[in-house]
file protein35.txt (compact mmCIF, C-alpha atoms and all ligand atoms)
# COMPACT_ATOMS: atom_id res chain seq x y z
CA MET V 1 -84.78 85.36 -64.14
CA PRO V 2 -82.03 82.79 -63.70
CA GLN V 3 -80.09 82.15 -66.88
CA LYS V 4 -79.60 78.74 -68.40
CA PRO V 5 -76.42 77.07 -67.17
CA GLN V 6 -73.56 77.08 -69.64
CA ILE V 7 -71.00 74.34 -70.10
CA ILE V 8 -67.50 75.73 -70.30
CA GLU V 9 -64.09 74.13 -70.56
CA SER V 10 -60.98 75.53 -68.93
CA LYS V 11 -57.61 73.82 -69.31
CA GLY V 12 -59.19 70.41 -69.65
CA ILE V 13 -61.71 70.90 -66.84
CA GLU V 14 -65.32 71.05 -67.90
CA TYR V 15 -67.70 72.92 -65.65
CA THR V 16 -71.28 74.07 -65.59
CA LEU V 17 -71.60 77.78 -65.04
CA THR V 18 -74.73 79.30 -63.57
CA ARG V 19 -75.07 83.03 -63.26
CA LYS V 20 -76.67 84.05 -60.02
CA ARG V 21 -77.22 86.98 -57.79
CA VAL V 22 -74.13 86.11 -55.75
CA LYS V 23 -71.11 88.12 -54.63
CA ASN V 24 -68.39 85.52 -55.16
CA ILE V 25 -67.50 82.68 -57.45
CA ASN V 26 -68.50 79.39 -55.85
CA MET V 27 -67.52 75.94 -57.00
CA ARG V 28 -68.68 72.50 -56.01
CA ILE V 29 -68.05 68.97 -57.13
CA ALA V 30 -70.79 66.36 -57.31
CA PRO V 31 -70.13 62.72 -56.39
CA ASP V 32 -70.07 61.88 -60.13
CA GLY V 33 -67.15 64.29 -60.53
CA THR V 34 -68.96 67.06 -62.36
CA VAL V 35 -67.96 70.59 -61.47
CA SER V 36 -70.55 73.32 -61.02
CA VAL V 37 -69.75 76.95 -60.60
CA SER V 38 -71.98 79.83 -59.71
CA ALA V 39 -70.78 83.33 -60.36
CA PRO V 40 -72.04 86.92 -60.32
CA ARG V 41 -73.82 87.92 -63.51
CA LEU V 42 -71.18 90.39 -64.66
CA CYS V 43 -68.08 88.42 -63.76
CA PRO V 44 -65.99 87.81 -66.92
CA VAL V 45 -65.83 84.19 -68.05
CA GLU V 46 -62.02 84.35 -68.21
CA ARG V 47 -61.89 85.15 -64.50
CA ILE V 48 -64.21 82.28 -63.68
CA SER V 49 -62.21 79.87 -65.85
CA HIS V 50 -59.04 81.01 -64.16
CA PHE V 51 -60.65 80.43 -60.76
CA VAL V 52 -61.54 76.87 -61.83
CA SER V 53 -58.20 75.93 -63.40
CA ASP V 54 -56.41 77.33 -60.35
CA LYS V 55 -58.12 74.62 -58.33
CA ALA V 56 -57.26 71.76 -60.71
CA ASP V 57 -55.36 69.86 -58.01
CA TRP V 58 -58.20 70.10 -55.54
CA ILE V 59 -60.70 69.00 -58.21
CA GLU V 60 -58.50 66.04 -59.08
CA LYS V 61 -58.23 64.99 -55.43
CA SER V 62 -61.94 65.33 -54.78
CA ARG V 63 -62.76 63.27 -57.86
CA ALA V 64 -60.32 60.56 -56.78
CA ARG V 65 -61.89 60.49 -53.32
CA TYR V 66 -65.38 60.17 -54.77
CA ALA V 67 -64.21 57.45 -57.18
CA GLU V 68 -62.71 55.47 -54.32
CA LYS V 69 -65.91 55.78 -52.30
CA ALA V 70 -67.95 54.65 -55.30
CA LEU V 71 -65.74 51.62 -55.75
CA GLU V 72 -66.13 50.64 -52.11
CA THR V 73 -69.88 50.73 -52.28
CA ALA V 74 -70.14 49.20 -55.76
CA MET V 75 -68.12 46.12 -54.90
CA PRO V 76 -68.59 45.10 -51.31
CA CYS V 77 -65.85 42.89 -49.97
CA ARG V 78 -66.82 39.29 -49.19
CA PHE V 79 -64.98 39.60 -45.88
CA THR V 80 -65.70 42.08 -43.14
CA HIS V 81 -62.92 44.21 -41.78
CA ASP V 82 -62.60 41.96 -38.73
CA GLU V 83 -62.60 38.73 -40.73
CA ALA V 84 -59.88 40.09 -43.00
CA MET V 85 -57.92 41.28 -39.97
CA GLN V 86 -58.08 37.78 -38.49
CA ILE V 87 -56.77 36.18 -41.70
CA PHE V 88 -53.92 38.68 -42.08
CA THR V 89 -52.93 38.52 -38.41
CA GLU V 90 -52.79 34.74 -38.47
CA ILE V 91 -50.51 34.70 -41.53
CA SER V 92 -48.49 37.65 -40.24
CA ASP V 93 -47.74 35.73 -37.04
CA ILE V 94 -46.25 32.93 -39.14
CA TYR V 95 -43.78 35.26 -40.89
CA TYR V 96 -43.05 37.50 -37.91
CA PRO V 97 -40.33 35.26 -36.37
CA LEU V 98 -38.25 35.59 -39.56
CA PHE V 99 -38.12 39.37 -39.13
CA ALA V 100 -38.43 39.67 -35.34
CA GLY V 101 -34.83 40.88 -34.95
CA LEU V 102 -35.34 43.66 -37.49
CA LEU V 103 -38.50 44.68 -35.66
CA GLY V 104 -36.86 44.86 -32.26
CA PHE V 105 -38.88 41.81 -31.21
CA GLU V 106 -42.16 43.66 -31.36
CA LYS V 107 -44.88 42.54 -33.72
CA PRO V 108 -45.87 45.04 -36.39
CA VAL V 109 -49.12 46.96 -36.16
CA ILE V 110 -51.53 45.47 -38.69
CA LYS V 111 -54.15 47.66 -40.33
CA VAL V 112 -56.85 46.73 -42.79
CA ARG V 113 -58.65 49.03 -45.17
CA LEU V 114 -60.12 49.02 -48.65
CA MET V 115 -57.50 50.28 -51.04
CA LYS V 116 -57.87 51.00 -54.69
CA THR V 117 -54.51 50.18 -56.21
CA ARG V 118 -52.48 48.22 -53.72
CA TRP V 119 -52.64 44.93 -51.86
CA GLY V 120 -50.50 46.10 -49.02
CA SER V 121 -48.20 48.81 -47.82
CA CYS V 122 -45.55 49.07 -45.17
CA ILE V 123 -44.27 51.97 -43.09
CA PRO V 124 -41.08 50.54 -41.54
CA SER V 125 -40.48 53.60 -39.31
CA LYS V 126 -43.90 53.08 -37.70
CA ARG V 127 -43.56 49.29 -37.73
CA GLN V 128 -46.89 49.26 -39.51
CA ILE V 129 -48.33 47.10 -42.28
CA THR V 130 -51.62 47.90 -43.99
CA PHE V 131 -53.46 45.28 -46.01
CA ASN V 132 -56.18 45.79 -48.57
CA GLN V 133 -59.37 44.23 -47.20
CA ARG V 134 -59.99 42.69 -50.63
CA LEU V 135 -56.79 40.70 -50.35
CA ALA V 136 -58.74 38.40 -48.02
CA GLU V 137 -60.68 37.21 -51.08
CA LYS V 138 -57.52 35.89 -52.74
CA PRO V 139 -56.03 32.39 -52.41
CA ARG V 140 -54.03 31.74 -49.27
CA ALA V 141 -50.77 31.37 -51.26
CA ALA V 142 -51.24 34.88 -52.64
CA ILE V 143 -52.02 36.37 -49.23
CA GLU V 144 -48.88 34.76 -47.83
CA TYR V 145 -46.89 36.37 -50.62
CA VAL V 146 -48.24 39.85 -49.84
CA VAL V 147 -47.58 39.36 -46.12
CA LEU V 148 -44.00 38.31 -46.78
CA HIS V 149 -43.57 41.13 -49.31
CA GLU V 150 -44.58 43.72 -46.72
CA TYR V 151 -42.36 42.14 -44.07
CA ALA V 152 -39.42 42.21 -46.51
CA HIS V 153 -39.78 46.00 -46.53
CA PHE V 154 -38.53 46.01 -42.94
CA ALA V 155 -35.24 44.72 -44.40
CA GLN V 156 -35.33 46.86 -47.57
CA CYS V 157 -37.72 49.79 -47.83
CA ASN V 158 -37.66 49.77 -51.63
CA HIS V 159 -38.07 47.36 -54.55
CA SER V 160 -34.35 46.96 -55.24
CA PRO V 161 -32.75 43.64 -56.29
CA ALA V 162 -31.74 43.27 -52.63
CA PHE V 163 -35.41 43.50 -51.64
CA TRP V 164 -36.44 40.81 -54.12
CA GLY V 165 -33.51 38.76 -52.85
CA VAL V 166 -35.06 38.79 -49.38
CA VAL V 167 -38.47 37.80 -50.77
CA ALA V 168 -36.99 34.97 -52.87
CA ALA V 169 -34.91 33.69 -49.97
CA TYR V 170 -38.02 33.00 -47.89
CA MET V 171 -40.42 32.27 -50.74
CA PRO V 172 -38.71 30.85 -53.82
CA ASP V 173 -42.06 30.50 -55.65
CA TYR V 174 -43.17 34.09 -55.01
CA LYS V 175 -43.62 34.84 -58.72
CA GLN V 176 -46.25 32.15 -59.14
CA ARG V 177 -48.00 33.36 -56.00
CA GLU V 178 -47.93 36.95 -57.23
CA ARG V 179 -49.75 35.84 -60.39
CA LEU V 180 -52.67 34.64 -58.27
CA LEU V 181 -53.37 38.27 -57.37
CA LYS V 182 -54.29 39.24 -60.91
ZN ZN C 1 -43.50 46.64 -51.94

call {"tool": "encode", "arguments": {"input": "protein35.txt", "output": "structure tokens", "more": "lines below"}}
Ligand SMILES: [Zn+2]
result
Amino acid sequence: MPQKPQIIESKGIEYTLTRKRVKNINMRIAPDGTVSVSAPRLCPVERISHFVSDKADWIEKSRARYAEKALETAMPCRFTHDEAMQIFTEISDIYYPLFAGLLGFEKPVIKVRLMKTRWGSCIPSKRQITFNQRLAEKPRAAIEYVVLHEYAHFAQCNHSPAFWGVVAAYMPDYKQRERLLK
């Protein structure tokens, strides 16, 4: 007879424990983030809890991945990947000449993906800029700001006063534009 699952908490992680005729402790995470564990009938709860809390990092990462997926499906972007790419490429081409020297006269690689917390990111060493697909839904002035912001990272790969100096030099009204992103 299978026993009723128990809900147990270990170091802030709640999990459902089911005792089964199994050899090892097994854990899985559902898309809603809940953790289920099956364990041999005679395995001490402390050992199972230790097994779970040992994997706290992995649980955290899996939950974050599921949350991101859920967000993508819950709020579809008004623009397709290709439409967004077209918008960002067009604006990028306008700002490219200002930074061409820094880039060795090669245009950056533009990538588009749905991101949870950022509008854009830049990897200067790879000459690569990634834009959040959802940025395409924002006003043009705001998109221009993000494009310039990412380009400015080719001059300064940080958010130092020197970085903001570069942004302000090319876009004196960047603060107003940034507000349009909220
Ligand atoms: Zn930045």

call {"tool": "closest_residue", "arguments": {"input": "protein35.txt", "among": "V:Cys77, V:Leu102, V:Val166, V:Leu180", "to": "Glu137 in chain V", "atoms": "all atoms listed in the file"}}
result
V:Cys77

call {"tool": "axis_aligned_box", "arguments": {"input": "protein35.txt", "around": "range 8-18 of chain V", "padding_each_side": "8 Å", "output": "JSON"}}
result
{"center_x": -66.2, "center_y": 74.9, "center_z": -67.1, "size_x": 33.1, "size_y": 24.9, "size_z": 23.0}

call {"tool": "atom_distance", "arguments": {"input": "protein35.txt", "atom1": "CA of Asn158 in chain V", "atom2": "CA of Met171 in chain V"}}
result
17.7 Å

call {"tool": "closest_residue", "arguments": {"input": "protein35.txt", "among": "V:Leu114, V:Leu42, V:Ile13, V:Ala64", "to": "Ala136 in chain V", "atoms": "only C-alpha atoms"}}
result
V:Leu114

call {"tool": "residues_around", "arguments": {"input": "protein35.txt", "residues": "Arg140 in chain V", "least_positions_apart": "2", "cutoff": "12 Å", "atoms": "all atoms listed in the file", "output": "MDAnalysis selection string"}}
result
chainID V and resid 84 87:88 90:91 135:138 142:147 177:178 180:181

call {"tool": "closest_residue", "arguments": {"input": "protein35.txt", "among": "V:Phe163, V:Phe79, V:Tyr174, V:Tyr151", "to": "Asn132 in chain V", "atoms": "only C-alpha atoms"}}
result
V:Phe79

call {"tool": "residues_around", "arguments": {"input": "protein35.txt", "residues": "Val112 in chain V", "least_positions_apart": "6", "cutoff": "6 Å", "atoms": "all atoms listed in the file", "output": "number ranges by chain"}}
result
V: 130-133

call {"tool": "closest_residue", "arguments": {"input": "protein35.txt", "among": "V:Ser92, V:Asn26, V:Gln176, V:Ser10", "to": "Glu150 in chain V", "atoms": "all atoms listed in the file"}}
result
V:Ser92

call {"tool": "residues_near_ligand", "arguments": {"input": "protein35.txt", "ligand": "ligand ZN 1 (chain C)", "cutoff": "8 Å", "atoms": "only C-alpha atoms and all ligand atoms", "output": "list of chain:residue names"}}
result
V:Gly120, V:Ser121, V:Cys122, V:His149, V:Glu150, V:His153, V:Cys157, V:Asn158, V:His159

call {"tool": "residues_near_point", "arguments": {"input": "protein35.txt", "point": "(-69.1, 64.2, -60.4)", "cutoff": "10 Å", "atoms": "only C-alpha atoms", "output": "list in words"}}
result
Arg28, Ile29, Ala30, Pro31, Asp32, Gly33, Thr34, Val35, Ser36, Ile59, Ser62, Arg63, Tyr66 and Ala67 of chain V

call {"tool": "closest_residue", "arguments": {"input": "protein35.txt", "among": "V:Ala162, V:Leu148, V:Val167, V:Val37", "to": "Ile25 in chain V", "atoms": "only C-alpha atoms"}}
result
V:Val37

call {"tool": "atom_distance", "arguments": {"input": "protein35.txt", "atom1": "CA of Arg179 in chain V", "atom2": "CA of Asp82 in chain V"}}
result
25.9 Å

call {"tool": "closest_residue", "arguments": {"input": "protein35.txt", "among": "V:Ile7, V:Ile110, V:Ala56, V:Met75", "to": "Ile129 in chain V", "atoms": "all atoms listed in the file"}}
result
V:Ile110

call {"tool": "atom_distance", "arguments": {"input": "protein35.txt", "atom1": "CA of Gly12 in chain V", "atom2": "CA of Ala39 in chain V"}}
result
19.7 Å

call {"tool": "residues_around", "arguments": {"input": "protein35.txt", "residues": "Leu103 in chain V", "least_positions_apart": "6", "cutoff": "9 Å", "atoms": "all atoms listed in the file", "output": "list in words"}}
result
Tyr96, Pro124, Arg127 and Phe154 of chain V

call {"tool": "residues_around", "arguments": {"input": "protein35.txt", "residues": "Cys43 in chain V", "least_positions_apart": "4", "cutoff": "10 Å", "atoms": "only C-alpha atoms", "output": "MDAnalysis selection string"}}
result
chainID V and resid 19 23:25 39 47:48

call {"tool": "decode", "arguments": {"input": "protein35.txt", "residues": "range 33-133 of chain V", "atoms": "C-alpha atoms", "output": "compact mmCIF listing (two decimals), in the first residue's frame"}}
result
# COMPACT_ATOMS: atom_id res chain seq x y z
CA GLY V 33 8.06 24.92 -9.08
CA THR V 34 6.87 22.31 -6.60
CA VAL V 35 9.41 19.72 -5.55
CA SER V 36 8.48 16.06 -5.22
CA VAL V 37 10.71 13.43 -3.76
CA SER V 38 10.31 9.70 -3.68
CA ALA V 39 12.39 7.70 -1.27
CA PRO V 40 12.73 4.16 0.07
CA ARG V 41 10.35 3.40 2.92
CA LEU V 42 13.03 3.12 5.59
CA CYS V 43 15.21 6.03 4.56
CA PRO V 44 15.45 8.55 7.45
CA VAL V 45 13.73 11.87 6.80
CA GLU V 46 16.90 13.76 7.80
CA ARG V 47 18.81 12.06 5.00
CA ILE V 48 16.11 12.93 2.49
CA SER V 49 15.98 16.55 3.68
CA HIS V 50 19.73 16.76 3.40
CA PHE V 51 19.53 15.37 -0.14
CA VAL V 52 17.01 18.09 -1.03
CA SER V 53 18.79 21.04 0.59
CA ASP V 54 22.04 19.92 -1.03
CA LYS V 55 20.40 20.61 -4.37
CA ALA V 56 19.06 24.06 -3.44
CA ASP V 57 21.00 25.75 -6.25
CA TRP V 58 19.73 23.36 -8.86
CA ILE V 59 16.15 23.75 -7.59
CA GLU V 60 16.50 27.53 -7.72
CA LYS V 61 17.79 27.41 -11.30
CA SER V 62 15.10 25.03 -12.48
CA ARG V 63 12.39 27.19 -10.93
CA ALA V 64 13.82 30.29 -12.60
CA ARG V 65 13.88 28.50 -15.95
CA TYR V 66 10.27 27.41 -15.57
CA ALA V 67 9.23 30.92 -14.48
CA GLU V 68 10.87 32.41 -17.55
CA LYS V 69 9.15 29.91 -19.82
CA ALA V 70 5.80 30.67 -18.17
CA LEU V 71 6.30 34.37 -18.70
CA GLU V 72 7.07 33.87 -22.38
CA THR V 73 3.91 31.92 -22.97
CA ALA V 74 1.71 34.06 -20.71
CA MET V 75 2.56 37.31 -22.45
CA PRO V 76 3.23 36.81 -26.12
CA CYS V 77 5.20 39.59 -27.71
CA ARG V 78 3.33 41.75 -30.24
CA PHE V 79 6.31 41.45 -32.57
CA THR V 80 7.76 38.27 -33.96
CA HIS V 81 11.44 37.58 -33.58
CA ASP V 82 12.07 38.64 -37.18
CA GLU V 83 10.03 41.83 -36.93
CA ALA V 84 11.90 42.82 -33.78
CA MET V 85 15.20 41.97 -35.44
CA GLN V 86 14.33 44.25 -38.36
CA ILE V 87 13.52 47.17 -36.04
CA PHE V 88 16.69 46.75 -33.97
CA THR V 89 18.92 46.28 -37.02
CA GLU V 90 17.58 49.41 -38.66
CA ILE V 91 18.22 51.53 -35.56
CA SER V 92 21.55 49.82 -34.90
CA ASP V 93 22.72 50.79 -38.39
CA ILE V 94 22.04 54.43 -37.54
CA TYR V 95 24.29 54.35 -34.46
CA TYR V 96 26.95 52.04 -35.85
CA PRO V 97 28.98 54.78 -37.64
CA LEU V 98 29.55 56.54 -34.29
CA PHE V 99 31.28 53.44 -32.92
CA ALA V 100 32.66 51.91 -36.12
CA GLY V 101 36.27 52.67 -35.15
CA LEU V 102 35.89 50.93 -31.79
CA LEU V 103 34.39 47.94 -33.56
CA GLY V 104 37.19 47.62 -36.08
CA PHE V 105 34.77 48.72 -38.80
CA GLU V 106 32.69 45.58 -38.51
CA LYS V 107 29.04 45.79 -37.55
CA PRO V 108 28.11 44.08 -34.30
CA VAL V 109 26.23 40.79 -34.31
CA ILE V 110 22.63 41.51 -33.31
CA LYS V 111 20.63 38.89 -31.43
CA VAL V 112 17.04 38.99 -30.29
CA ARG V 113 15.47 36.92 -27.56
CA LEU V 114 12.84 37.22 -24.86
CA MET V 115 14.54 38.28 -21.67
CA LYS V 116 13.04 38.61 -18.26
CA THR V 117 14.90 41.45 -16.62
CA ARG V 118 16.85 43.33 -19.25
CA TRP V 119 16.20 45.32 -22.40
CA GLY V 120 19.57 44.64 -23.87
CA SER V 121 23.01 43.28 -23.19
CA CYS V 122 26.38 43.64 -24.81
CA ILE V 123 29.39 41.34 -25.01
CA PRO V 124 32.11 43.67 -26.35
CA SER V 125 34.68 40.86 -26.75
CA LYS V 126 32.29 39.03 -29.09
CA ARG V 127 31.11 42.25 -30.73
CA GLN V 128 27.61 41.10 -29.89
CA ILE V 129 24.47 42.93 -28.79
CA THR V 130 21.36 41.10 -27.63
CA PHE V 131 18.01 42.87 -27.46
CA ASN V 132 14.92 41.82 -25.58
CA GLN V 133 12.22 41.02 -28.15
